[in-house]
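J.: Just so it is clear, I am handing over input.pdb, which has PDB, C-alpha atoms.
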ATOM      1  CA  ALA A   1     -47.534 123.459  -0.745  1.00  0.00           C
ATOM      2  CA  LYS A   2     -45.201 121.484   1.518  1.00  0.00           C
ATOM      3  CA  CYS A   3     -48.129 119.786   3.275  1.00  0.00           C
ATOM      4  CA  ARG A   4     -49.765 119.052  -0.047  1.00  0.00           C
ATOM      5  CA  ARG A   5     -46.640 117.379  -1.388  1.00  0.00           C
ATOM      6  CA  ARG A   6     -46.259 115.240   1.736  1.00  0.00           C
ATOM      7  CA  ASN A   7     -49.851 113.904   1.479  1.00  0.00           C
ATOM      8  CA  ALA A   8     -49.910 113.642  -2.323  1.00  0.00           C
ATOM      9  CA  PRO A   9     -49.767 109.815  -2.554  1.00  0.00           C
ATOM     10  CA  VAL A  10     -52.492 109.391   0.072  1.00  0.00           C
ATOM     11  CA  ALA A  11     -55.449 110.672  -1.982  1.00  0.00           C
ATOM     12  CA  PRO A  12     -54.652 108.517  -5.037  1.00  0.00           C
ATOM     13  CA  MET A  13     -54.159 105.529  -2.736  1.00  0.00           C
ATOM     14  CA  GLY A  14     -57.657 106.145  -1.371  1.00  0.00           C
ATOM     15  CA  LEU A  15     -59.022 106.061  -4.896  1.00  0.00           C
ATOM     16  CA  ILE A  16     -57.025 102.909  -5.624  1.00  0.00           C
ATOM     17  CA  THR A  17     -58.466 101.093  -2.627  1.00  0.00           C
ATOM     18  CA  SER A  18     -61.968 102.214  -3.610  1.00  0.00           C
ATOM     19  CA  LEU A  19     -61.619 100.986  -7.174  1.00  0.00           C
ATOM     20  CA  LEU A  20     -59.948  97.690  -6.252  1.00  0.00           C
ATOM     21  CA  PHE A  21     -62.886  96.675  -4.096  1.00  0.00           C
ATOM     22  CA  ALA A  22     -65.754  98.117  -6.181  1.00  0.00           C
ATOM     23  CA  GLY A  23     -65.707  95.434  -8.918  1.00  0.00           C
ATOM     24  CA  PRO A  24     -65.820  92.358  -6.679  1.00  0.00           C
ATOM     25  CA  ILE A  25     -68.456  93.968  -4.474  1.00  0.00           C
ATOM     26  CA  SER A  26     -70.708  94.758  -7.435  1.00  0.00           C
ATOM     27  CA  ALA A  27     -70.540  91.079  -8.393  1.00  0.00           C
ATOM     28  CA  LEU A  28     -71.689  90.165  -4.887  1.00  0.00           C
ATOM     29  CA  TYR A  29     -74.986  91.986  -5.218  1.00  0.00           C
ATOM     30  CA  GLY A  30     -75.851  90.516  -8.594  1.00  0.00           C
ATOM     31  CA  ALA A  31     -74.564  92.939 -11.235  1.00  0.00           C
ATOM     32  CA  SER A  32     -73.393  90.014 -13.351  1.00  0.00           C
ATOM     33  CA  GLN A  33     -76.298  87.655 -12.676  1.00  0.00           C
ATOM     34  CA  GLU A  34     -78.243  86.083 -15.484  1.00  0.00           C
ATOM     35  CA  GLY A  35     -80.480  88.601 -17.164  1.00  0.00           C
ATOM     36  CA  GLY A  36     -78.384  91.615 -16.097  1.00  0.00           C
ATOM     37  CA  ILE A  37     -80.387  94.750 -15.396  1.00  0.00           C
ATOM     38  CA  LYS A  38     -83.512  93.361 -17.076  1.00  0.00           C
ATOM     39  CA  GLY A  39     -83.362  90.352 -14.768  1.00  0.00           C
ATOM     40  CA  SER A  40     -83.007  92.648 -11.757  1.00  0.00           C
ATOM     41  CA  VAL A  41     -86.087  94.638 -12.769  1.00  0.00           C
ATOM     42  CA  THR A  42     -87.994  91.375 -13.176  1.00  0.00           C
ATOM     43  CA  ARG A  43     -86.931  90.246  -9.687  1.00  0.00           C
ATOM     44  CA  VAL A  44     -88.037  93.578  -8.202  1.00  0.00           C
ATOM     45  CA  THR A  45     -91.370  93.409 -10.016  1.00  0.00           C
ATOM     46  CA  ASP A  46     -91.855  89.838  -8.798  1.00  0.00           C
ATOM     47  CA  TYR A  47     -91.153  90.930  -5.206  1.00  0.00           C
ATOM     48  CA  PHE A  48     -93.832  93.608  -5.331  1.00  0.00           C
ATOM     49  CA  THR A  49     -96.438  91.371  -6.978  1.00  0.00           C
ATOM     50  CA  GLU A  50     -95.728  88.584  -4.462  1.00  0.00           C
ATOM     51  CA  LYS A  51     -96.387  91.103  -1.687  1.00  0.00           C
ATOM     52  CA  GLY A  52     -99.821  91.770  -3.155  1.00  0.00           C
ATOM     53  CA  LEU A  53     -99.261  94.964  -5.120  1.00  0.00           C
ATOM     54  CA  SER A  54    -100.995  95.235  -8.470  1.00  0.00           C
ATOM     55  CA  HIS A  55     -99.375  96.303 -11.709  1.00  0.00           C
ATOM     56  CA  THR A  56    -100.897  99.757 -11.259  1.00  0.00           C
ATOM     57  CA  ASP A  57     -99.012 100.081  -7.936  1.00  0.00           C
ATOM     58  CA  LEU A  58     -95.621  99.233  -9.446  1.00  0.00           C
ATOM     59  CA  PRO A  59     -94.755 102.680 -10.857  1.00  0.00           C
ATOM     60  CA  ALA A  60     -95.240 104.332  -7.468  1.00  0.00           C
ATOM     61  CA  ALA A  61     -93.184 101.633  -5.736  1.00  0.00           C
ATOM     62  CA  LEU A  62     -90.356 101.890  -8.273  1.00  0.00           C
ATOM     63  CA  VAL A  63     -90.311 105.706  -8.163  1.00  0.00           C
ATOM     64  CA  PHE A  64     -90.200 105.693  -4.356  1.00  0.00           C
ATOM     65  CA  HIS A  65     -87.433 103.065  -4.479  1.00  0.00           C
ATOM     66  CA  GLU A  66     -85.391 105.288  -6.802  1.00  0.00           C
ATOM     67  CA  LEU A  67     -86.000 108.380  -4.665  1.00  0.00           C
ATOM     68  CA  ILE A  68     -84.624 106.531  -1.651  1.00  0.00           C
ATOM     69  CA  SER A  69     -81.639 105.448  -3.773  1.00  0.00           C
ATOM     70  CA  VAL A  70     -80.861 108.973  -4.975  1.00  0.00           C
ATOM     71  CA  GLY A  71     -81.205 110.368  -1.463  1.00  0.00           C
ATOM     72  CA  PHE A  72     -78.914 107.697  -0.032  1.00  0.00           C
ATOM     73  CA  ALA A  73     -76.369 108.280  -2.818  1.00  0.00           C
ATOM     74  CA  ALA A  74     -76.316 112.026  -2.162  1.00  0.00           C
ATOM     75  CA  PHE A  75     -76.020 111.445   1.580  1.00  0.00           C
ATOM     76  CA  THR A  76     -73.107 108.998   1.305  1.00  0.00           C
ATOM     77  CA  TRP A  77     -71.298 111.182  -1.245  1.00  0.00           C
ATOM     78  CA  THR A  78     -71.616 114.175   1.083  1.00  0.00           C
ATOM     79  CA  VAL A  79     -70.413 112.209   4.099  1.00  0.00           C
ATOM     80  CA  CYS A  80     -67.463 110.788   2.148  1.00  0.00           C
ATOM     81  CA  TYR A  81     -66.573 114.279   0.920  1.00  0.00           C
ATOM     82  CA  ASP A  82     -66.608 115.521   4.488  1.00  0.00           C
ATOM     83  CA  ILE A  83     -64.785 112.737   6.369  1.00  0.00           C
ATOM     84  CA  GLN A  84     -62.535 111.395   3.534  1.00  0.00           C
ATOM     85  CA  PRO A  85     -62.477 107.711   4.512  1.00  0.00           C
ATOM     86  CA  GLY A  86     -60.069 106.758   1.726  1.00  0.00           C
ATOM     87  CA  VAL A  87     -57.419 109.134   3.038  1.00  0.00           C
ATOM     88  CA  ARG A  88     -57.767 107.714   6.537  1.00  0.00           C
ATOM     89  CA  ILE A  89     -57.564 104.126   5.309  1.00  0.00           C
ATOM     90  CA  ALA A  90     -54.825 104.706   2.723  1.00  0.00           C
ATOM     91  CA  LYS A  91     -52.280 106.420   4.997  1.00  0.00           C
ATOM     92  CA  PRO A  92     -50.758 103.081   6.076  1.00  0.00           C
ATOM     93  CA  LEU A  93     -50.798 101.860   2.442  1.00  0.00           C
ATOM     94  CA  ALA A  94     -48.775 104.869   1.261  1.00  0.00           C
ATOM     95  CA  ARG A  95     -45.668 103.367   2.889  1.00  0.00           C
ATOM     96  CA  VAL A  96     -45.943 100.061   1.004  1.00  0.00           C
ATOM     97  CA  PRO A  97     -43.109  99.575  -1.536  1.00  0.00           C
ATOM     98  CA  GLY A  98     -44.321 100.375  -5.038  1.00  0.00           C
ATOM     99  CA  ALA A  99     -47.304 102.378  -3.816  1.00  0.00           C
ATOM    100  CA  SER A 100     -45.852 105.605  -5.200  1.00  0.00           C
ATOM    101  CA  LYS A 101     -45.720 104.144  -8.735  1.00  0.00           C
ATOM    102  CA  VAL A 102     -49.360 103.119  -8.594  1.00  0.00           C
ATOM    103  CA  ALA A 103     -50.285 106.384  -6.903  1.00  0.00           C
ATOM    104  CA  ASN A 104     -48.587 108.353  -9.691  1.00  0.00           C
ATOM    105  CA  ALA A 105     -50.739 106.589 -12.297  1.00  0.00           C
ATOM    106  CA  PHE A 106     -53.891 107.429 -10.397  1.00  0.00           C
ATOM    107  CA  ASP A 107     -52.655 110.959  -9.818  1.00  0.00           C
ATOM    108  CA  ARG A 108     -52.441 111.381 -13.590  1.00  0.00           C
ATOM    109  CA  ALA A 109     -55.983 110.032 -13.910  1.00  0.00           C
ATOM    110  CA  LEU A 110     -57.175 112.453 -11.254  1.00  0.00           C
ATOM    111  CA  THR A 111     -55.423 115.332 -13.037  1.00  0.00           C
ATOM    112  CA  PHE A 112     -57.290 114.338 -16.198  1.00  0.00           C
ATOM    113  CA  SER A 113     -60.515 114.235 -14.153  1.00  0.00           C
ATOM    114  CA  ASP A 114     -59.752 117.693 -12.743  1.00  0.00           C
ATOM    115  CA  GLY A 115     -59.484 119.068 -16.278  1.00  0.00           C
ATOM    116  CA  LYS A 116     -62.792 117.490 -17.287  1.00  0.00           C
ATOM    117  CA  MET A 117     -64.554 118.869 -14.227  1.00  0.00           C
ATOM    118  CA  GLU A 118     -63.154 122.353 -14.861  1.00  0.00           C
ATOM    119  CA  LYS A 119     -64.832 122.266 -18.275  1.00  0.00           C
ATOM    120  CA  MET A 120     -68.196 121.495 -16.663  1.00  0.00           C
ATOM    121  CA  ARG A 121     -69.334 125.096 -16.260  1.00  0.00           C
ATOM    122  CA  TRP A 122     -72.831 124.001 -15.214  1.00  0.00           C
ATOM    123  CA  LEU A 123     -71.290 122.392 -12.128  1.00  0.00           C
ATOM    124  CA  LYS A 124     -70.176 125.805 -10.877  1.00  0.00           C
ATOM    125  CA  LYS A 125     -73.817 126.952 -10.923  1.00  0.00           C
ATOM    126  CA  ILE A 126     -74.909 124.381  -8.354  1.00  0.00           C
ATOM    127  CA  PRO A 127     -74.663 126.086  -4.955  1.00  0.00           C
ATOM    128  CA  LEU A 128     -73.701 122.925  -3.060  1.00  0.00           C
ATOM    129  CA  VAL A 129     -70.657 122.128  -5.186  1.00  0.00           C
ATOM    130  CA  LYS A 130     -69.568 125.416  -6.741  1.00  0.00           C
ATOM    131  CA  ASN A 131     -66.847 125.896  -4.107  1.00  0.00           C
ATOM    132  CA  ALA A 132     -65.945 122.201  -3.801  1.00  0.00           C
ATOM    133  CA  ALA A 133     -62.550 120.855  -4.834  1.00  0.00           C
ATOM    134  CA  PRO A 134     -62.950 118.863  -8.068  1.00  0.00           C
ATOM    135  CA  ARG A 135     -60.430 116.208  -7.047  1.00  0.00           C
ATOM    136  CA  ARG A 136     -62.091 115.720  -3.707  1.00  0.00           C
ATOM    137  CA  LEU A 137     -65.473 115.378  -5.435  1.00  0.00           C
ATOM    138  CA  THR A 138     -64.058 112.636  -7.658  1.00  0.00           C
ATOM    139  CA  ILE A 139     -62.428 110.712  -4.826  1.00  0.00           C
ATOM    140  CA  SER A 140     -65.451 111.043  -2.542  1.00  0.00           C
ATOM    141  CA  LEU A 141     -67.662 109.740  -5.350  1.00  0.00           C
ATOM    142  CA  ALA A 142     -65.462 106.637  -5.637  1.00  0.00           C
ATOM    143  CA  GLU A 143     -65.538 106.199  -1.849  1.00  0.00           C
ATOM    144  CA  SER A 144     -69.307 106.530  -1.698  1.00  0.00           C
ATOM    145  CA  LEU A 145     -69.706 104.046  -4.566  1.00  0.00           C
ATOM    146  CA  LEU A 146     -67.546 101.582  -2.667  1.00  0.00           C
ATOM    147  CA  PHE A 147     -69.532 102.028   0.532  1.00  0.00           C
ATOM    148  CA  ARG A 148     -72.906 101.755  -1.201  1.00  0.00           C
ATOM    149  CA  GLY A 149     -71.692  98.677  -3.083  1.00  0.00           C
ATOM    150  CA  THR A 150     -70.629  97.116   0.193  1.00  0.00           C
ATOM    151  CA  VAL A 151     -73.933  97.683   1.974  1.00  0.00           C
ATOM    152  CA  LYS A 152     -76.144  97.086  -1.060  1.00  0.00           C
ATOM    153  CA  PRO A 153     -77.194  93.562  -0.068  1.00  0.00           C
ATOM    154  CA  VAL A 154     -78.789  95.103   3.029  1.00  0.00           C
ATOM    155  CA  THR A 155     -79.958  98.468   1.701  1.00  0.00           C
ATOM    156  CA  PHE A 156     -81.554  96.991  -1.419  1.00  0.00           C
ATOM    157  CA  GLY A 157     -83.894  94.830   0.644  1.00  0.00           C
ATOM    158  CA  VAL A 158     -84.630  97.707   3.011  1.00  0.00           C
ATOM    159  CA  LYS A 159     -85.474  99.995   0.072  1.00  0.00           C
ATOM    160  CA  LEU A 160     -87.794  97.354  -1.396  1.00  0.00           C
ATOM    161  CA  TYR A 161     -89.564  96.923   1.932  1.00  0.00           C
ATOM    162  CA  LEU A 162     -89.895 100.684   2.490  1.00  0.00           C
ATOM    163  CA  SER A 163     -91.236 101.126  -1.049  1.00  0.00           C
ATOM    164  CA  TYR A 164     -93.813  98.403  -0.450  1.00  0.00           C
ATOM    165  CA  LYS A 165     -94.863  99.979   2.867  1.00  0.00           C
ATOM    166  CA  PHE A 166     -95.085 103.418   1.221  1.00  0.00           C
ATOM    167  CA  VAL A 167     -97.446 102.139  -1.483  1.00  0.00           C
ATOM    168  CA  VAL A 168     -99.589 100.288   1.078  1.00  0.00           C
ATOM    169  CA  TRP A 169     -99.697 103.432   3.238  1.00  0.00           C
ATOM    170  CA  GLY A 170    -100.725 105.502   0.210  1.00  0.00           C
ATOM    171  CA  LYS A 171    -103.446 103.028  -0.722  1.00  0.00           C
ATOM    172  CA  ASN A 172    -104.783 103.002   2.846  1.00  0.00           C
ATOM    173  CA  ARG A 173    -104.939 106.796   2.910  1.00  0.00           C
ATOM    174  CA  THR A 174    -106.966 106.982  -0.309  1.00  0.00           C
ATOM    175  CA  THR A 175    -109.258 104.049   0.441  1.00  0.00           C
ATOM    176  CA  PRO A 176    -112.358 105.097   2.411  1.00  0.00           C
ATOM    177  CA  ARG A 177    -112.658 103.193   5.637  1.00  0.00           C
ATOM    178  CA  ARG A 178    -115.871 101.305   5.897  1.00  0.00           C
ATOM    179  CA  GLY A 179    -117.558 100.517   9.125  1.00  0.00           C
ATOM    180  CA  LEU A 180    -116.218 103.380  11.190  1.00  0.00           C
ATOM    181  CA  ALA A 181    -119.154 105.652  10.423  1.00  0.00           C
ATOM    182  CA  CYS A 182    -121.628 102.854  11.035  1.00  0.00           C
ATOM    183  CA  LEU A 183    -120.711 102.243  14.658  1.00  0.00           C
ATOM    184  CA  THR A 184    -123.546 102.988  17.049  1.00  0.00           C
ATOM    185  CA  LEU A 185    -123.805 102.765  20.742  1.00  0.00           C
ATOM    186  CA  ALA A 186    -126.656 100.578  21.889  1.00  0.00           C
ATOM    187  CA  LEU A 187    -128.026 101.708  25.217  1.00  0.00           C
ATOM    188  CA  PRO A 188    -130.090  99.349  27.343  1.00  0.00           C
ATOM    189  CA  ALA A 189    -133.842  99.993  27.339  1.00  0.00           C
ATOM    190  CA  ASP A 190    -135.394 101.111  30.631  1.00  0.00           C
TER     191      ASP A 190
END
Starting from the coordinates I provided, produce the structure as structure tokens.
T.:
Amino acid sequence: AKCRRRNAPVAPMGLITSLLFAGPISALYGASQEGGIKGSVTRVTDYFTEKGLSHTDLPAALVFHELISVGFAAFTWTVCYDIQPGVRIAKPLARVPGASKVANAFDRALTFSDGKMEKMRWLKKIPLVKNAAPRRLTISLAESLLFRGTVKPVTFGVKLYLSYKFVVWGKNRTTPRRGLACLTLALPAD
């Protein structure tokens, strides 16, 4: 209990730093651009059609893109849960004057979040998280959202490219190759 009390302002400070940077970062990768989400879908569709994919290829490309996104989200959430980057970064910020007042407000929000997560009985049935600390899950989610928001300008393009390559690979596997069976070896006549 003594150790917990000493580190109490650190976890909320980690959440504070995550939330302070998440908004501006989301604006960087186009969350508030003209057209909103619909405009983003149009830009993605345009990318795939410019690369030569037909409209029948788009569902596979979009599904693969989303699978990569979900996998990356789960990976970053797990890593953030394990290494707790917000705690490591926020330790110096805990000594800043006034930090305890802000940390207390976020501590109340986290207490509220703890209560909500305790009511989620279905969460206890998932083997990966049934023994996880609810507060740590909440903070690590915020940390992973911050990280993914930061690297989104890079990862979004990579996911688009990988989705395109996946669809092309799938089309090449299902398309019969012509000419390979027709090769013959011409031997010189004696």
J.: Between A:Thr78, A:Ala103, A:Asp57, A:Pro97, which residue has the minimum interatomic distance to A:Leu145, considering all atoms listed in the file?
T.: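 Of A:Thr78, A:Ala103, A:Asp57, A:Pro97, the one nearest A:Leu145, counting all atoms listed in the file, is A:Thr78.
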J.: State, in Å with one decimal place, the distance from atom CA of A:Lys130 to atom CA of A:Val70.
T.: 20.0 Å
J.: Would you compute the distance between atom CA of A:Glu143 and atom CA of A:Gln84? Give it in Å to one decimal.
T.: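 Here the two named atoms are 8.1 Å from each other.
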J.: Measure the distance from atom CA of A:Phe106 to atom CA of A:Ile139 in Å and round it to one decimal.
T.: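 Here the two named atoms are 10.7 Å from each other.
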J.: When distances are computed from all atoms listed in the file, which of A:Thr45, A:Ser54, A:Ser40, A:Ser69 shows the smallest separation from A:Thr155?
T.: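 With all atoms listed in the file as the atom set, the closest residue is A:Ser69.
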J.: May I have the residues within 9 Å of A:Arg148 as a PDB file with C-alpha atoms, in the coordinates of the input, using all atoms listed in the file and disregarding those fewer than 6 positions away in the same chain?
T.:
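Contents of the output file selection.pdb:
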ATOM      1  CA  PHE A  72     -78.914 107.697  -0.032  1.00  0.00           C
ATOM      2  CA  ALA A  73     -76.369 108.280  -2.818  1.00  0.00           C
ATOM      3  CA  THR A  76     -73.107 108.998   1.305  1.00  0.00           C
ATOM      4  CA  THR A 155     -79.958  98.468   1.701  1.00  0.00           C
TER       5      THR A 155
END
J.: Output the residue selection produced by the PyMOL selection byres ((chain A and resi 113) around 12) on the file above, formatted as a ChimeraX atom specification.
T.: /A:106-112,114-120,133-139
J.: Under the PyMOL selection byres ((chain A and resi 63) around 12), which residues of this model are included? Write them out as a PyMOL selection string.
T.: chain A and resi 57-62+64-70+159-160+162-164+166-167
J.: Compare A:Phe156, A:Thr175, A:Trp169, A:Val102 by their minimum atom-to-atom distance to A:Tyr47, counting all atoms listed in the file, and give me the closest one.
T.: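 Among A:Phe156, A:Thr175, A:Trp169, A:Val102, it is A:Phe156 that comes nearest to A:Tyr47.
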